[in-house]
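**Q** This is the structure I want to talk about, given as structure tokens.
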Amino acid sequence: TRGFNQSSLIGQILSNNLGLDYCDALKRIRYTKQQVGLKGQQRKKNVFNAFSLNTKYLIHNTNVLLVDDVWTTGSTLRECGYVLKRNGAKKVWAITLAR
């Protein structure tokens, strides 16, 4: 709805300033409602199986820094972390702009 991916923009700026590689390793594979207004269990269910690895990128045995704009319950970051780990990421860290 916003017309842009704010987490992607934050990630690109952060990776550029830290000298890290950047890629859109995850892709949304199904529509989800906005998380705003949903409670913890609803948020978890809303994002369950909503993401997949973008096969253009190899993440096997790599360390990944996952970037999101806001941490509320951590449901989105947790689900994305699971996808990355299941696809071979060695370690996954997460950073958010706000909580």
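Residues are referred to by chain and number: the chain letter is A, B, ... according to the order shown in the structure tokens, the number counts from 1 in that chain, and ligands are numbered separately from 1 in the order shown.
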Find the spatial neighbours of segment 50-61 of chain A, counting only C-alpha atoms, within a cut-off of 12 Å - ignore same-chain residues fewer than 3 positions away - and output them as an mmCIF file with N, CA, C and O atoms, in the first residue's frame.
**A**
data_model
loop_
_atom_site.group_PDB
_atom_site.id
_atom_site.type_symbol
_atom_site.label_atom_id
_atom_site.label_comp_id
_atom_site.auth_asym_id
_atom_site.auth_seq_id
_atom_site.Cartn_x
_atom_site.Cartn_y
_atom_site.Cartn_z
ATOM 1 N N ASP A 21 27.460 -6.396 1.683
ATOM 2 C CA ASP A 21 26.679 -6.707 0.497
ATOM 3 C C ASP A 21 25.200 -6.613 0.838
ATOM 4 O O ASP A 21 24.791 -6.906 1.963
ATOM 5 N N TYR A 22 24.403 -6.224 -0.143
ATOM 6 C CA TYR A 22 22.952 -6.133 0.046
ATOM 7 C C TYR A 22 22.259 -6.990 -1.007
ATOM 8 O O TYR A 22 22.663 -7.022 -2.164
ATOM 9 N N CYS A 23 21.193 -7.662 -0.605
ATOM 10 C CA CYS A 23 20.342 -8.352 -1.566
ATOM 11 C C CYS A 23 18.951 -8.507 -0.973
ATOM 12 O O CYS A 23 18.772 -8.501 0.245
ATOM 13 N N ASP A 24 17.968 -8.626 -1.843
ATOM 14 C CA ASP A 24 16.599 -8.920 -1.424
ATOM 15 C C ASP A 24 16.455 -10.437 -1.406
ATOM 16 O O ASP A 24 15.901 -11.028 -2.316
ATOM 17 N N ALA A 25 16.965 -11.059 -0.353
ATOM 18 C CA ALA A 25 17.033 -12.516 -0.292
ATOM 19 C C ALA A 25 15.669 -13.161 -0.090
ATOM 20 O O ALA A 25 15.492 -14.330 -0.412
ATOM 21 N N LEU A 26 14.724 -12.406 0.425
ATOM 22 C CA LEU A 26 13.394 -12.958 0.666
ATOM 23 C C LEU A 26 12.372 -12.317 -0.255
ATOM 24 O O LEU A 26 12.497 -11.158 -0.628
ATOM 25 N N LYS A 27 11.351 -13.088 -0.581
ATOM 26 C CA LYS A 27 10.244 -12.538 -1.357
ATOM 27 C C LYS A 27 8.937 -12.992 -0.711
ATOM 28 O O LYS A 27 8.856 -14.082 -0.130
ATOM 29 N N ARG A 28 7.954 -12.119 -0.774
ATOM 30 C CA ARG A 28 6.626 -12.448 -0.254
ATOM 31 C C ARG A 28 5.952 -13.352 -1.274
ATOM 32 O O ARG A 28 5.921 -13.035 -2.459
ATOM 33 N N ILE A 29 5.427 -14.489 -0.814
ATOM 34 C CA ILE A 29 4.808 -15.432 -1.743
ATOM 35 C C ILE A 29 3.295 -15.505 -1.576
ATOM 36 O O ILE A 29 2.623 -16.212 -2.328
ATOM 37 N N ARG A 30 2.767 -14.798 -0.597
ATOM 38 C CA ARG A 30 1.312 -14.707 -0.477
ATOM 39 C C ARG A 30 0.950 -13.391 0.195
ATOM 40 O O ARG A 30 1.713 -12.833 0.979
ATOM 41 N N TYR A 31 -0.226 -12.918 -0.142
ATOM 42 C CA TYR A 31 -0.731 -11.671 0.417
ATOM 43 C C TYR A 31 -0.952 -11.826 1.923
ATOM 44 O O TYR A 31 -1.414 -12.869 2.381
ATOM 45 N N THR A 32 -0.614 -10.799 2.671
ATOM 46 C CA THR A 32 -0.901 -10.762 4.103
ATOM 47 C C THR A 32 -1.581 -9.446 4.435
ATOM 48 O O THR A 32 -1.364 -8.435 3.771
ATOM 49 N N LYS A 33 -2.387 -9.473 5.482
ATOM 50 C CA LYS A 33 -2.980 -8.236 5.978
ATOM 51 C C LYS A 33 -1.877 -7.403 6.609
ATOM 52 O O LYS A 33 -0.841 -7.936 7.019
ATOM 53 N N ARG A 43 -0.750 -11.939 14.448
ATOM 54 C CA ARG A 43 0.405 -11.516 13.655
ATOM 55 C C ARG A 43 1.210 -12.725 13.198
ATOM 56 O O ARG A 43 1.631 -12.808 12.049
ATOM 57 N N LYS A 44 1.426 -13.662 14.113
ATOM 58 C CA LYS A 44 2.189 -14.869 13.791
ATOM 59 C C LYS A 44 1.496 -15.661 12.691
ATOM 60 O O LYS A 44 2.124 -16.079 11.711
ATOM 61 N N LYS A 45 0.194 -15.840 12.809
ATOM 62 C CA LYS A 45 -0.584 -16.572 11.814
ATOM 63 C C LYS A 45 -0.598 -15.821 10.474
ATOM 64 O O LYS A 45 -0.533 -16.436 9.414
ATOM 65 N N ASN A 46 -0.675 -14.506 10.541
ATOM 66 C CA ASN A 46 -0.743 -13.676 9.346
ATOM 67 C C ASN A 46 0.491 -13.837 8.454
ATOM 68 O O ASN A 46 0.378 -13.866 7.235
ATOM 69 N N VAL A 47 1.672 -13.957 9.053
ATOM 70 C CA VAL A 47 2.908 -14.036 8.261
ATOM 71 C C VAL A 47 3.431 -15.463 8.074
ATOM 72 O O VAL A 47 4.411 -15.675 7.361
ATOM 73 N N VAL A 64 23.659 -13.504 7.790
ATOM 74 C CA VAL A 64 22.663 -12.595 7.231
ATOM 75 C C VAL A 64 22.228 -11.586 8.283
ATOM 76 O O VAL A 64 21.974 -11.947 9.431
ATOM 77 N N LEU A 65 22.149 -10.329 7.869
ATOM 78 C CA LEU A 65 21.573 -9.277 8.702
ATOM 79 C C LEU A 65 20.213 -8.951 8.116
ATOM 80 O O LEU A 65 20.103 -8.454 7.004
ATOM 81 N N SER A 75 7.067 -11.193 15.025
ATOM 82 C CA SER A 75 6.518 -12.268 14.182
ATOM 83 C C SER A 75 7.107 -12.275 12.778
ATOM 84 O O SER A 75 7.462 -13.332 12.262
ATOM 85 N N THR A 76 7.197 -11.119 12.166
ATOM 86 C CA THR A 76 7.723 -11.049 10.797
ATOM 87 C C THR A 76 9.201 -11.427 10.775
ATOM 88 O O THR A 76 9.632 -12.237 9.949
ATOM 89 N N LEU A 77 9.979 -10.867 11.686
ATOM 90 C CA LEU A 77 11.406 -11.185 11.742
ATOM 91 C C LEU A 77 11.630 -12.664 12.037
ATOM 92 O O LEU A 77 12.505 -13.295 11.442
ATOM 93 N N ARG A 78 10.839 -13.214 12.931
ATOM 94 C CA ARG A 78 10.981 -14.624 13.287
ATOM 95 C C ARG A 78 10.686 -15.507 12.073
ATOM 96 O O ARG A 78 11.447 -16.423 11.764
ATOM 97 N N GLU A 79 9.606 -15.229 11.366
ATOM 98 C CA GLU A 79 9.248 -16.027 10.194
ATOM 99 C C GLU A 79 10.322 -15.910 9.109
ATOM 100 O O GLU A 79 10.717 -16.904 8.501
ATOM 101 N N CYS A 80 10.804 -14.702 8.874
ATOM 102 C CA CYS A 80 11.862 -14.506 7.875
ATOM 103 C C CYS A 80 13.145 -15.216 8.290
ATOM 104 O O CYS A 80 13.828 -15.820 7.461
ATOM 105 N N GLY A 81 13.473 -15.167 9.561
ATOM 106 C CA GLY A 81 14.647 -15.861 10.074
ATOM 107 C C GLY A 81 14.550 -17.363 9.865
ATOM 108 O O GLY A 81 15.525 -18.018 9.480
ATOM 109 N N TYR A 82 13.360 -17.929 10.096
ATOM 110 C CA TYR A 82 13.154 -19.362 9.859
ATOM 111 C C TYR A 82 13.419 -19.719 8.400
ATOM 112 O O TYR A 82 14.085 -20.714 8.102
ATOM 113 N N VAL A 83 12.904 -18.908 7.492
ATOM 114 C CA VAL A 83 13.099 -19.176 6.057
ATOM 115 C C VAL A 83 14.585 -19.142 5.714
ATOM 116 O O VAL A 83 15.098 -20.018 5.015
ATOM 117 N N LEU A 84 15.286 -18.147 6.213
ATOM 118 C CA LEU A 84 16.721 -18.029 5.937
ATOM 119 C C LEU A 84 17.505 -19.207 6.501
ATOM 120 O O LEU A 84 18.356 -19.791 5.830
ATOM 121 N N LYS A 85 17.211 -19.592 7.741
ATOM 122 C CA LYS A 85 17.919 -20.714 8.365
ATOM 123 C C LYS A 85 17.606 -22.033 7.649
ATOM 124 O O LYS A 85 18.499 -22.843 7.423
ATOM 125 N N ARG A 86 16.343 -22.245 7.286
ATOM 126 C CA ARG A 86 15.968 -23.477 6.572
ATOM 127 C C ARG A 86 16.650 -23.575 5.220
ATOM 128 O O ARG A 86 16.828 -24.662 4.685
ATOM 129 N N ASN A 87 17.042 -22.436 4.680
ATOM 130 C CA ASN A 87 17.694 -22.421 3.369
ATOM 131 C C ASN A 87 19.206 -22.275 3.456
ATOM 132 O O ASN A 87 19.855 -21.915 2.486
ATOM 133 N N GLY A 88 19.766 -22.537 4.638
ATOM 134 C CA GLY A 88 21.204 -22.655 4.755
ATOM 135 C C GLY A 88 21.972 -21.497 5.340
ATOM 136 O O GLY A 88 23.206 -21.550 5.397
ATOM 137 N N ALA A 89 21.291 -20.431 5.763
ATOM 138 C CA ALA A 89 22.024 -19.328 6.385
ATOM 139 C C ALA A 89 22.729 -19.833 7.638
ATOM 140 O O ALA A 89 22.163 -20.579 8.428
ATOM 141 N N LYS A 90 23.979 -19.454 7.785
ATOM 142 C CA LYS A 90 24.782 -19.886 8.928
ATOM 143 C C LYS A 90 24.263 -19.215 10.205
ATOM 144 O O LYS A 90 23.967 -19.873 11.188
ATOM 145 N N LYS A 91 24.184 -17.908 10.181
ATOM 146 C CA LYS A 91 23.664 -17.131 11.307
ATOM 147 C C LYS A 91 22.765 -16.037 10.751
ATOM 148 O O LYS A 91 23.008 -15.509 9.672
ATOM 149 N N VAL A 92 21.728 -15.704 11.516
ATOM 150 C CA VAL A 92 20.825 -14.632 11.126
ATOM 151 C C VAL A 92 20.705 -13.656 12.287
ATOM 152 O O VAL A 92 20.360 -14.037 13.399
#
**Q** Could you check how far atom CA of Thr72 of chain A sits from atom CA of Gly19 of chain A, in Å to one decimal?
**A**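 Result for atom CA of Thr72 of chain A versus atom CA of Gly19 of chain A: 28.1 Å, one decimal.
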